[in-house]
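Asks: File follows, model.pdb with PDB, C-alpha atoms:
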```pdb
ATOM      1  CA  MET B   1       6.787  26.161  -6.056
ATOM      2  CA  LEU B   2       4.643  25.058  -3.125
ATOM      3  CA  SER B   3       3.188  27.751  -0.910
ATOM      4  CA  ALA B   4       3.752  27.670   2.832
ATOM      5  CA  GLN B   5       0.007  27.175   3.332
ATOM      6  CA  THR B   6      -0.109  24.170   1.011
ATOM      7  CA  ALA B   7       2.888  22.554   2.652
ATOM      8  CA  SER B   8       1.773  23.232   6.232
ATOM      9  CA  SER B   9      -0.651  20.326   6.678
ATOM     10  CA  PRO B  10      -1.035  16.776   5.323
ATOM     11  CA  LYS B  11      -4.827  17.121   5.171
ATOM     12  CA  GLU B  12      -4.705  18.242   1.546
ATOM     13  CA  LEU B  13      -2.549  15.211   0.745
ATOM     14  CA  LEU B  14      -5.124  12.859   2.266
ATOM     15  CA  GLN B  15      -7.958  14.634   0.474
ATOM     16  CA  GLN B  16      -6.221  14.299  -2.885
ATOM     17  CA  LEU B  17      -5.368  10.641  -2.338
ATOM     18  CA  ALA B  18      -9.047   9.986  -1.565
ATOM     19  CA  THR B  19      -9.978  11.176  -5.062
ATOM     20  CA  ALA B  20      -7.725   8.533  -6.646
ATOM     21  CA  VAL B  21      -8.413   5.651  -4.231
ATOM     22  CA  LEU B  22     -12.105   5.720  -3.385
ATOM     23  CA  ASP B  23     -13.679   4.644  -0.097
ATOM     24  CA  LYS B  24     -10.366   3.877   1.643
ATOM     25  CA  GLU B  25      -9.856   6.877   3.906
ATOM     26  CA  ARG B  26      -8.685   4.873   6.925
ATOM     27  CA  ALA B  27      -6.209   2.809   4.876
ATOM     28  CA  LEU B  28      -4.866   5.972   3.236
ATOM     29  CA  ARG B  29      -4.371   7.587   6.617
ATOM     30  CA  LEU B  30      -2.528   4.513   7.903
ATOM     31  CA  VAL B  31      -0.215   4.546   4.884
ATOM     32  CA  VAL B  32       0.534   8.248   5.287
ATOM     33  CA  ALA B  33       1.101   7.711   9.018
ATOM     34  CA  ALA B  34       3.631   4.975   8.185
ATOM     35  CA  LEU B  35       5.384   7.345   5.786
ATOM     36  CA  LEU B  36       5.541  10.133   8.372
ATOM     37  CA  GLY B  37       6.646   7.629  11.005
ATOM     38  CA  ASP B  38       9.657   6.728   8.829
ATOM     39  CA  GLY B  39       8.340   3.214   8.224
ATOM     40  CA  HIS B  40       7.245   0.953   5.377
ATOM     41  CA  VAL B  41       3.985  -0.775   4.422
ATOM     42  CA  LEU B  42       3.006  -4.263   3.294
ATOM     43  CA  LEU B  43      -0.334  -4.440   1.481
ATOM     44  CA  GLU B  44      -1.693  -7.978   1.671
ATOM     45  CA  ASP B  45      -4.575  -8.066  -0.741
ATOM     46  CA  LEU B  46      -6.184  -9.441  -3.858
ATOM     47  CA  PRO B  47      -5.265  -8.126  -7.333
ATOM     48  CA  GLY B  48      -7.062  -5.113  -8.734
ATOM     49  CA  VAL B  49      -8.143  -3.338  -5.554
ATOM     50  CA  GLY B  50      -5.927  -0.260  -5.958
ATOM     51  CA  LYS B  51      -2.561  -1.095  -4.415
ATOM     52  CA  THR B  52      -0.515   0.186  -7.362
ATOM     53  CA  THR B  53      -2.795   3.186  -7.763
ATOM     54  CA  LEU B  54      -2.253   4.090  -4.115
ATOM     55  CA  ALA B  55       1.539   3.981  -4.453
ATOM     56  CA  LEU B  56       1.525   5.995  -7.679
ATOM     57  CA  ALA B  57      -0.924   8.559  -6.283
ATOM     58  CA  LEU B  58       1.212   9.032  -3.177
ATOM     59  CA  ALA B  59       4.386   9.556  -5.202
ATOM     60  CA  ARG B  60       2.748  12.038  -7.589
ATOM     61  CA  SER B  61       1.015  13.941  -4.794
ATOM     62  CA  LEU B  62       4.362  14.407  -3.060
ATOM     63  CA  GLY B  63       6.373  15.048  -6.224
ATOM     64  CA  LEU B  64       8.668  12.119  -5.401
ATOM     65  CA  ALA B  65      10.522   9.777  -7.758
ATOM     66  CA  PHE B  66       8.694   6.452  -8.151
ATOM     67  CA  ALA B  67       9.826   2.972  -9.179
ATOM     68  CA  ARG B  68       8.051  -0.351  -9.397
ATOM     69  CA  ILE B  69       9.911  -3.624  -8.874
ATOM     70  CA  GLN B  70       8.032  -6.684 -10.118
ATOM     71  CA  MET B  71       9.345  -9.501  -7.969
ATOM     72  CA  THR B  72       9.838 -12.879  -9.673
ATOM     73  CA  SER B  73      11.562 -16.092  -8.718
ATOM     74  CA  ASP B  74      14.539 -15.392 -11.012
ATOM     75  CA  LEU B  75      15.114 -11.834  -9.774
ATOM     76  CA  LEU B  76      18.642 -11.189  -8.477
ATOM     77  CA  PRO B  77      19.751  -8.707  -5.798
ATOM     78  CA  GLY B  78      21.563  -6.698  -8.481
ATOM     79  CA  ASP B  79      18.259  -6.217 -10.306
ATOM     80  CA  ILE B  80      17.044  -4.361  -7.223
ATOM     81  CA  LEU B  81      20.134  -2.613  -5.913
ATOM     82  CA  GLY B  82      22.120  -1.987  -9.095
ATOM     83  CA  GLY B  83      25.778  -2.786  -9.612
ATOM     84  CA  THR B  84      29.208  -1.709 -10.808
ATOM     85  CA  THR B  85      29.991  -1.753 -14.518
ATOM     86  CA  PHE B  86      32.972  -0.645 -16.579
ATOM     87  CA  ASP B  87      32.524   2.648 -18.424
ATOM     88  CA  PRO B  88      34.800   2.562 -21.503
ATOM     89  CA  ASN B  89      34.531   6.318 -22.009
ATOM     90  CA  ALA B  90      35.594   7.163 -18.469
ATOM     91  CA  ARG B  91      37.882   4.109 -18.352
ATOM     92  CA  ARG B  92      36.779   3.205 -14.866
ATOM     93  CA  PHE B  93      34.154   1.249 -13.024
ATOM     94  CA  VAL B  94      31.016   3.201 -12.173
ATOM     95  CA  PHE B  95      28.025   2.381 -10.011
ATOM     96  CA  ARG B  96      24.679   2.084 -11.811
ATOM     97  CA  PRO B  97      21.897   2.488  -9.233
ATOM     98  CA  GLY B  98      18.984   0.085  -9.373
ATOM     99  CA  PRO B  99      15.277   0.851  -8.934
ATOM    100  CA  ILE B 100      15.632   0.862  -5.140
ATOM    101  CA  PHE B 101      17.176   4.344  -5.500
ATOM    102  CA  HIS B 102      13.806   6.101  -5.696
ATOM    103  CA  SER B 103      11.845   7.811  -2.957
ATOM    104  CA  VAL B 104       8.695   5.704  -3.312
ATOM    105  CA  VAL B 105       9.310   2.086  -4.291
ATOM    106  CA  LEU B 106       6.477  -0.338  -5.036
ATOM    107  CA  VAL B 107       7.717  -3.908  -4.497
ATOM    108  CA  ASP B 108       5.008  -5.912  -6.237
ATOM    109  CA  GLU B 109       4.350  -9.526  -5.176
ATOM    110  CA  ILE B 110       7.288  -9.542  -2.792
ATOM    111  CA  ASN B 111       6.695 -13.160  -1.785
ATOM    112  CA  ARG B 112       7.342 -14.352  -5.360
ATOM    113  CA  ALA B 113      11.012 -13.396  -5.077
ATOM    114  CA  SER B 114      13.615 -15.756  -3.656
ATOM    115  CA  PRO B 115      14.854 -15.210  -0.081
ATOM    116  CA  ARG B 116      18.119 -13.936  -1.576
ATOM    117  CA  ALA B 117      16.322 -11.185  -3.472
ATOM    118  CA  GLN B 118      14.064 -10.406  -0.514
ATOM    119  CA  SER B 119      17.125  -9.956   1.694
ATOM    120  CA  ALA B 120      18.417  -7.268  -0.667
ATOM    121  CA  LEU B 121      15.677  -5.042   0.733
ATOM    122  CA  LEU B 122      16.633  -5.508   4.387
ATOM    123  CA  GLU B 123      19.464  -3.019   4.724
ATOM    124  CA  ALA B 124      17.723  -0.507   2.479
ATOM    125  CA  MET B 125      14.520  -0.569   4.539
ATOM    126  CA  ALA B 126      16.285  -0.494   7.886
ATOM    127  CA  GLU B 127      19.212   1.832   7.238
ATOM    128  CA  GLY B 128      18.224   3.947   4.242
ATOM    129  CA  GLN B 129      21.384   2.900   2.423
ATOM    130  CA  VAL B 130      22.833   0.184   0.197
ATOM    131  CA  SER B 131      26.266  -1.425   0.566
ATOM    132  CA  LEU B 132      27.906  -2.855  -2.574
ATOM    133  CA  ASP B 133      31.515  -3.686  -3.421
ATOM    134  CA  GLY B 134      32.762  -2.150  -0.188
ATOM    135  CA  GLN B 135      30.958   1.144  -0.788
ATOM    136  CA  THR B 136      27.899   2.599   0.915
ATOM    137  CA  TYR B 137      25.352   4.510  -1.142
ATOM    138  CA  PRO B 138      22.652   6.561   0.623
ATOM    139  CA  LEU B 139      19.073   6.277  -0.559
ATOM    140  CA  PRO B 140      16.843   9.312  -1.145
ATOM    141  CA  ASP B 141      15.251  11.055   1.815
ATOM    142  CA  PRO B 142      12.408  10.309   2.165
ATOM    143  CA  PHE B 143      12.598   6.631   1.223
ATOM    144  CA  PHE B 144       9.371   4.637   1.449
ATOM    145  CA  VAL B 145       8.647   1.036   0.455
ATOM    146  CA  ILE B 146       5.145  -0.200  -0.311
ATOM    147  CA  ALA B 147       5.268  -3.958  -0.823
ATOM    148  CA  THR B 148       2.367  -6.146  -1.923
ATOM    149  CA  GLN B 149       1.509  -9.804  -1.767
ATOM    150  CA  ASN B 150      -1.535 -11.910  -2.644
ATOM    151  CA  PRO B 151      -2.638 -13.910   0.413
ATOM    152  CA  MET B 152      -4.557 -16.384  -1.765
ATOM    153  CA  GLU B 153      -1.479 -17.693  -3.596
ATOM    154  CA  HIS B 154       0.475 -20.522  -1.988
ATOM    155  CA  GLN B 155       2.358 -22.079  -4.909
ATOM    156  CA  GLY B 156       5.572 -20.611  -6.276
ATOM    157  CA  VAL B 157       5.904 -18.190  -3.385
ATOM    158  CA  PHE B 158       8.461 -17.711  -0.609
ATOM    159  CA  PRO B 159       6.838 -16.605   2.671
ATOM    160  CA  LEU B 160       8.561 -13.627   4.233
ATOM    161  CA  PRO B 161      10.661 -14.525   7.296
ATOM    162  CA  GLU B 162       9.984 -12.856  10.638
ATOM    163  CA  SER B 163      13.053 -10.620  10.208
ATOM    164  CA  GLN B 164      11.599  -9.252   6.962
ATOM    165  CA  LEU B 165       8.074  -8.837   8.291
ATOM    166  CA  ASP B 166       9.403  -6.873  11.252
ATOM    167  CA  ARG B 167      10.777  -4.249   8.832
ATOM    168  CA  PHE B 168       7.237  -3.225   7.904
ATOM    169  CA  SER B 169       5.583  -0.760  10.251
ATOM    170  CA  ILE B 170       2.141  -2.018   9.298
ATOM    171  CA  ILE B 171       0.434  -4.704   7.255
ATOM    172  CA  LEU B 172      -3.040  -3.916   6.000
ATOM    173  CA  SER B 173      -5.606  -4.879   3.405
ATOM    174  CA  LEU B 174      -7.521  -2.449   1.206
ATOM    175  CA  GLY B 175     -10.321  -4.886   0.381
ATOM    176  CA  TYR B 176     -13.060  -4.350  -2.139
ATOM    177  CA  PRO B 177     -14.665  -0.899  -2.308
ATOM    178  CA  SER B 178     -18.241  -0.365  -1.229
ATOM    179  CA  ALA B 179     -21.115  -0.500  -3.708
ATOM    180  CA  ALA B 180     -21.389   3.298  -3.580
ATOM    181  CA  ALA B 181     -17.677   3.686  -4.346
ATOM    182  CA  GLU B 182     -17.887   1.265  -7.279
ATOM    183  CA  ALA B 183     -20.867   3.203  -8.603
ATOM    184  CA  ARG B 184     -18.717   6.354  -8.531
ATOM    185  CA  LEU B 185     -15.951   4.406 -10.239
ATOM    186  CA  LEU B 186     -18.297   3.378 -13.060
ATOM    187  CA  ALA B 187     -19.549   6.971 -13.312
ATOM    188  CA  GLY B 188     -15.989   8.144 -14.004
ATOM    189  CA  GLU B 189     -15.578  10.081 -10.753
ATOM    190  CA  LEU B 190     -12.158   8.569 -10.069
ATOM    191  CA  THR B 191      -9.271  11.002 -10.539
ATOM    192  CA  ARG B 192      -6.605   9.608 -12.850
ATOM    193  CA  VAL B 193      -3.194   9.341 -11.238
ATOM    194  CA  ASP B 194      -1.502  11.208 -14.096
ATOM    195  CA  ALA B 195      -3.854  14.140 -13.439
ATOM    196  CA  LEU B 196      -2.675  14.591  -9.858
ATOM    197  CA  ALA B 197      -0.478  17.571  -9.061
ATOM    198  CA  PRO B 198       1.998  17.715  -6.168
ATOM    199  CA  VAL B 199       0.578  19.185  -2.974
ATOM    200  CA  ALA B 200       3.850  18.742  -1.054
ATOM    201  CA  ASP B 201       7.470  17.775  -1.686
ATOM    202  CA  ALA B 202      10.408  15.958  -0.101
ATOM    203  CA  VAL B 203      11.270  18.898   2.146
ATOM    204  CA  THR B 204       7.673  19.058   3.354
ATOM    205  CA  VAL B 205       7.727  15.356   4.238
ATOM    206  CA  GLN B 206      10.919  15.901   6.218
ATOM    207  CA  VAL B 207       9.262  18.789   8.097
ATOM    208  CA  TRP B 208       6.216  16.623   8.846
ATOM    209  CA  ARG B 209       8.440  13.796  10.081
ATOM    210  CA  GLN B 210      10.228  16.180  12.411
ATOM    211  CA  ALA B 211       6.883  17.376  13.749
ATOM    212  CA  VAL B 212       5.767  13.765  14.297
ATOM    213  CA  SER B 213       8.899  13.018  16.315
ATOM    214  CA  GLN B 214       7.974  15.915  18.641
ATOM    215  CA  VAL B 215       4.457  14.652  19.396
ATOM    216  CA  PHE B 216       4.254  14.197  23.163
ATOM    217  CA  LEU B 217       3.748  10.812  24.839
ATOM    218  CA  SER B 218       2.732  11.008  28.471
ATOM    219  CA  THR B 219       4.113   8.659  31.103
ATOM    220  CA  GLU B 220       0.773   6.827  31.086
ATOM    221  CA  ILE B 221       0.841   6.282  27.312
ATOM    222  CA  ARG B 222       4.430   5.063  27.414
ATOM    223  CA  GLN B 223       3.511   2.617  30.181
ATOM    224  CA  MET B 224       0.608   1.324  28.096
ATOM    225  CA  LEU B 225       2.999   0.611  25.233
ATOM    226  CA  LEU B 226       5.441  -1.147  27.569
ATOM    227  CA  ASP B 227       2.663  -3.215  29.138
ATOM    228  CA  LEU B 228       1.578  -4.455  25.719
ATOM    229  CA  ALA B 229       5.119  -5.353  24.643
ATOM    230  CA  HIS B 230       5.933  -7.205  27.869
ATOM    231  CA  ARG B 231       2.567  -8.982  27.885
ATOM    232  CA  SER B 232       3.153 -10.237  24.329
ATOM    233  CA  ARG B 233       6.577 -11.641  25.268
ATOM    234  CA  GLY B 234       5.444 -13.331  28.469
ATOM    235  CA  ASP B 235       2.203 -14.842  27.178
ATOM    236  CA  GLY B 236       2.365 -18.635  26.999
ATOM    237  CA  ARG B 237       0.264 -18.656  23.830
ATOM    238  CA  ILE B 238       2.843 -16.605  21.939
ATOM    239  CA  ARG B 239       6.238 -17.865  20.793
ATOM    240  CA  LEU B 240       7.447 -14.514  19.390
ATOM    241  CA  GLY B 241       6.123 -11.247  20.781
ATOM    242  CA  LEU B 242       6.584  -7.574  20.018
ATOM    243  CA  SER B 243      10.266  -6.772  19.423
ATOM    244  CA  PRO B 244      11.928  -3.524  20.547
ATOM    245  CA  ARG B 245      11.920  -2.478  16.878
ATOM    246  CA  GLY B 246       8.206  -3.209  16.736
ATOM    247  CA  LEU B 247       7.658  -1.215  19.930
ATOM    248  CA  LEU B 248       9.416   1.793  18.377
ATOM    249  CA  ALA B 249       7.341   1.372  15.209
ATOM    250  CA  LEU B 250       4.171   1.427  17.334
ATOM    251  CA  ARG B 251       5.342   4.582  19.104
ATOM    252  CA  ARG B 252       6.006   6.340  15.793
ATOM    253  CA  MET B 253       2.660   5.236  14.370
ATOM    254  CA  VAL B 254       0.658   6.583  17.323
ATOM    255  CA  GLN B 255       2.610   9.849  17.134
ATOM    256  CA  ALA B 256       1.926  10.106  13.383
ATOM    257  CA  TRP B 257      -1.771   9.300  13.870
ATOM    258  CA  ALA B 258      -2.050  12.062  16.486
ATOM    259  CA  PHE B 259      -0.245  14.472  14.153
ATOM    260  CA  LEU B 260      -2.656  13.671  11.318
ATOM    261  CA  ASP B 261      -5.471  14.423  13.756
ATOM    262  CA  GLY B 262      -3.992  17.868  14.362
ATOM    263  CA  ARG B 263      -2.707  17.171  17.876
ATOM    264  CA  ASP B 264       0.765  17.435  19.395
ATOM    265  CA  PHE B 265       0.070  14.762  22.013
ATOM    266  CA  VAL B 266      -0.964  11.097  21.952
ATOM    267  CA  GLU B 267      -4.196   9.898  23.527
ATOM    268  CA  PRO B 268      -5.500   6.341  24.084
ATOM    269  CA  GLY B 269      -7.667   6.558  20.979
ATOM    270  CA  ASP B 270      -4.511   6.688  18.864
ATOM    271  CA  LEU B 271      -3.429   3.335  20.289
ATOM    272  CA  ARG B 272      -6.839   1.917  19.464
ATOM    273  CA  ALA B 273      -6.519   3.140  15.866
ATOM    274  CA  VAL B 274      -3.077   1.810  14.905
ATOM    275  CA  THR B 275      -2.069  -1.051  17.207
ATOM    276  CA  LEU B 276      -3.681  -3.928  15.287
ATOM    277  CA  PRO B 277      -1.939  -3.309  11.920
ATOM    278  CA  VAL B 278       1.359  -2.761  13.755
ATOM    279  CA  LEU B 279       1.153  -5.733  16.117
ATOM    280  CA  ALA B 280      -0.621  -8.619  14.375
ATOM    281  CA  HIS B 281       2.105  -9.577  11.883
ATOM    282  CA  ARG B 282       4.755  -9.504  14.605
ATOM    283  CA  LEU B 283       3.115 -12.205  16.729
ATOM    284  CA  LEU B 284       4.147 -15.820  16.184
ATOM    285  CA  LEU B 285       1.768 -18.192  17.944
ATOM    286  CA  ARG B 286       2.656 -21.530  19.524
ATOM    287  CA  GLU B 287      -0.517 -23.161  18.221
ATOM    288  CA  PRO B 288      -2.380 -22.656  14.924
ATOM    289  CA  GLY B 289      -4.612 -19.630  15.162
ATOM    290  CA  SER B 290      -5.210 -16.039  14.146
ATOM    291  CA  ALA B 291      -2.470 -13.562  15.066
ATOM    292  CA  ALA B 292      -4.954 -10.731  14.522
ATOM    293  CA  GLN B 293      -7.370 -12.205  17.066
ATOM    294  CA  MET B 294      -4.478 -12.668  19.491
ATOM    295  CA  ALA B 295      -3.478  -9.021  19.000
ATOM    296  CA  VAL B 296      -7.029  -7.930  19.797
ATOM    297  CA  ALA B 297      -7.035 -10.143  22.893
ATOM    298  CA  LEU B 298      -3.755  -8.610  24.099
ATOM    299  CA  MET B 299      -5.142  -5.095  23.645
ATOM    300  CA  GLN B 300      -8.254  -5.960  25.634
ATOM    301  CA  GLU B 301      -6.292  -7.712  28.391
ATOM    302  CA  CYS B 302      -3.753  -4.878  28.733
ATOM    303  CA  TRP B 303      -5.833  -1.808  28.075
ATOM    304  CA  GLY B 304      -9.452  -2.829  28.469
ATOM    305  CA  PHE B 305     -10.312  -1.950  24.868
ATOM    306  CA  GLY B 306      -9.743  -3.345  21.390
ATOM    307  CA  PRO B 307      -9.475  -1.764  17.933
TER     308      PRO B 307
END
```
If you convert what's in this file into structure tokens, what do you get?
Replies:
Amino acid sequence: MLSAQTASSPKELLQQLATAVLDKERALRLVVAALLGDGHVLLEDLPGVGKTTLALALARSLGLAFARIQMTSDLLPGDILGGTTFDPNARRFVFRPGPIFHSVVLVDEINRASPRAQSALLEAMAEGQVSLDGQTYPLPDPFFVIATQNPMEHQGVFPLPESQLDRFSIILSLGYPSAAAEARLLAGELTRVDALAPVADAVTVQVWRQAVSQVFLSTEIRQMLLDLAHRSRGDGRIRLGLSPRGLLALRRMVQAWAFLDGRDFVEPGDLRAVTLPVLAHRLLLREPGSAAQMAVALMQECWGFGP
């Protein structure tokens, strides 16, 4: 049973995660902000840098059910969502839920799955439910997807379409740890995931999410968000700018970042902290170039500061 003190703040969650994933405090905070902002995360990184460990540590620290889906080219939507089978004992058809029916779902190497299998995630990520055989099945609350892909692989992969990318609140990279962190790793200072104890639970996450939704945005902050969205859509260098869904994701992320900082209001520094991982993957350029650099340029042109 969690005490009220333990469940009152996410700081203990971040501190515990930092013992399992070393030297990645900012990335951990972004992931937790995405969770509290009712979003999902795409980790675009090389193998072996802690993506699976992060997902497992988050699930165990929150006491939430965890599932890993290894995406392959022959994976079918039913392998993700589940399906209806005949139960001879009950003499009726029953629904067998797939691995998507867990609170924290790690979708490993998402770009190795076919577009048909990738699309099976769309409704789940957007609506928190699955529709099969004319029936709708709600997913757990909270429901959080952490997907991964290796940016160095280009053969045997299916790039995610813009509609799928837009479902992710943020895309980020963990990268290699520092030399000091790897020295700690070799010294055995890393906390094993199976040794982590829950510091919060599903109800606590719901309370945190409610608190995030109440974080105040001033008229000036809201105008800054609108200026960025409209600038991205009207810029001649950009073919696809920030969608309304992306704008709402950015609002939730800045609210969650402020909440994690112990504030009940958003300030410009919150926009500086989260805009790049929210915006970059949503920009489709007319000419070959870096969407991340374009996102930085938009921030500087609209707000006078970058990340």
Asks: Once you count only C-alpha atoms, which residues end up no further than 12 Å from (3.2, -12.1, 25.1) in the file's frame, shown as a PyMOL selection string?
Replies: chain B and resi 226-243+279-280+282-286+291+294-295+297-299+301-302
Asks: Taking into account only C-alpha atoms, which residue in the set B:Gly83, B:Pro88, B:Pro142, B:Pro288 is nearest to Val105 (chain B)?
Replies: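 Selected residue with least distance to Val105 (chain B): B:Pro142.
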Asks: Just say which residues the PyMOL selection byres ((chain B and resi 260) around 10) picks in this file, as a VMD selection string.
Replies: chain B and resid 9 to 11 14 29 to 30 32 to 33 36 208 212 254 to 259 261 to 264
Asks: Enclose the full set of atoms of region 240-252 of chain B listed in the file within a box whose edges lie along x, y and z, apply 8 Å of padding to each of the six sides, and report centre and edge lengths in Å to one decimal as lines of an AutoDock Vina configuration file.
Replies:
```
center_x = 8.0
center_y = -4.1
center_z = 18.0
size_x = 23.8
size_y = 36.9
size_z = 21.6
```
Asks: Closest to Gly269 (chain B) among B:Pro99, B:Leu248, B:Val130, B:Phe305, using only C-alpha atoms?
Replies: B:Phe305
Asks: May I ask for the distance between CA of His40 (chain B) and CA of Val104 (chain B), given in Å to one decimal place?
Replies: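 Atom-to-atom, CA of His40 (chain B) and CA of Val104 (chain B) are spaced 10.0 Å apart.
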Asks: Once the PyMOL selection byres ((chain B and resi 31) around 12) has been evaluated on this model, what residues remain selected, and can you format them as number ranges by chain?
Replies: B: 13-14, 17, 24-30, 32-43, 51, 54-55, 57-58, 144-147, 168-174, 253, 256-257, 260, 274, 277-278
Asks: For Leu64 (chain B), which residue among B:Ser103, B:Thr85, B:Gln16, B:Thr52 is the nearest when counting all atoms listed in the file?
Replies: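 Looking only at the distances to Leu64 (chain B), the closest residue turns out to be B:Ser103.
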Asks: Between CA of Leu76 (chain B) and CA of Ile110 (chain B), measure the distance and give it in Å to one decimal.
Replies: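 CA of Leu76 (chain B) sits 12.8 Å away from CA of Ile110 (chain B).
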Asks: Would you kindly translate the PyMOL selection byres ((chain B and resi 150) around 8) into the concrete residues it picks from this file, as a list in words?
Replies: Glu44, Asp45, Leu46, Pro47, Glu109, Thr148, Gln149, Pro151, Met152 and Glu153 of chain B
Asks: One decimal, in Å: what's the spacing between CA of Leu139 (chain B) and CA of Phe101 (chain B)?
Replies: 5.6 Å
Asks: Name the closest residue to Ala183 (chain B) among the candidates B:Gln15, B:Asp270, B:Leu22, B:Arg209; distances are taken between atoms, counting all atoms listed in the file.
Replies: B:Leu22
Asks: Considering all atoms listed in the file, state which residue in the set B:Gly63, B:Gly98, B:Gln70, B:Glu267 is at the smallest distance from Phe216 (chain B).
Replies: B:Glu267
Asks: I want to know what sits within 12 Å of Gln155 (chain B), based on all atoms listed in the file, with residues of the same chain fewer than 6 positions away left out; could you give that as a list in words?
Replies: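 Here the answer would be Ser73, Asn111 and Arg112 of chain B.
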Asks: In terms of the shortest atom-to-atom distance over all atoms listed in the file, which of B:Arg272, B:Ala65, B:Asp74, B:Ala126 is closest to Asp201 (chain B)?
Replies: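 Once distances to Asp201 (chain B) are computed over all atoms listed in the file, the minimum belongs to B:Ala65.
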Asks: Near Gly82 (chain B), counting all atoms listed in the file, which residues have an atom at most 8 Å away, once you skip same-chain residues fewer than 2 positions from it, shown as a list in words?
Replies: Pro77, Gly78, Asp79, Ile80, Thr84, Phe95, Arg96, Pro97, Gly98 and Pro99 of chain B
Asks: Can I get region 224-229 of chain B with all heavy atoms filled in, as a compact mmCIF listing (two decimals), keeping the file's coordinate frame?
Replies:
```
# COMPACT_ATOMS: atom_id res chain seq x y z
N MET B 224 1.54 2.18 28.83
CA MET B 224 0.61 1.32 28.10
C MET B 224 1.34 0.57 26.98
O MET B 224 1.09 -0.62 26.76
CB MET B 224 -0.54 2.16 27.52
CG MET B 224 -1.50 2.72 28.56
SD MET B 224 -2.77 3.80 27.85
CE MET B 224 -3.79 2.58 26.98
N LEU B 225 2.23 1.26 26.29
CA LEU B 225 3.00 0.61 25.23
C LEU B 225 3.91 -0.48 25.82
O LEU B 225 4.01 -1.58 25.26
CB LEU B 225 3.82 1.65 24.48
CG LEU B 225 3.05 2.71 23.70
CD1 LEU B 225 4.02 3.73 23.09
CD2 LEU B 225 2.21 2.08 22.61
N LEU B 226 4.56 -0.17 26.93
CA LEU B 226 5.44 -1.15 27.57
C LEU B 226 4.66 -2.35 28.07
O LEU B 226 5.10 -3.51 27.94
CB LEU B 226 6.20 -0.49 28.72
CG LEU B 226 7.30 0.50 28.34
CD1 LEU B 226 7.82 1.21 29.58
CD2 LEU B 226 8.45 -0.22 27.64
N ASP B 227 3.48 -2.11 28.64
CA ASP B 227 2.66 -3.22 29.14
C ASP B 227 2.30 -4.17 28.01
O ASP B 227 2.34 -5.40 28.18
CB ASP B 227 1.39 -2.68 29.79
CG ASP B 227 1.66 -1.98 31.12
OD1 ASP B 227 2.76 -2.17 31.67
OD2 ASP B 227 0.78 -1.24 31.58
N LEU B 228 1.95 -3.61 26.86
CA LEU B 228 1.58 -4.46 25.72
C LEU B 228 2.77 -5.28 25.24
O LEU B 228 2.64 -6.49 24.98
CB LEU B 228 1.06 -3.58 24.58
CG LEU B 228 0.58 -4.35 23.34
CD1 LEU B 228 -0.72 -5.08 23.64
CD2 LEU B 228 0.39 -3.41 22.15
N ALA B 229 3.93 -4.64 25.12
CA ALA B 229 5.12 -5.35 24.64
C ALA B 229 5.50 -6.47 25.60
O ALA B 229 5.74 -7.62 25.18
CB ALA B 229 6.28 -4.37 24.48
```
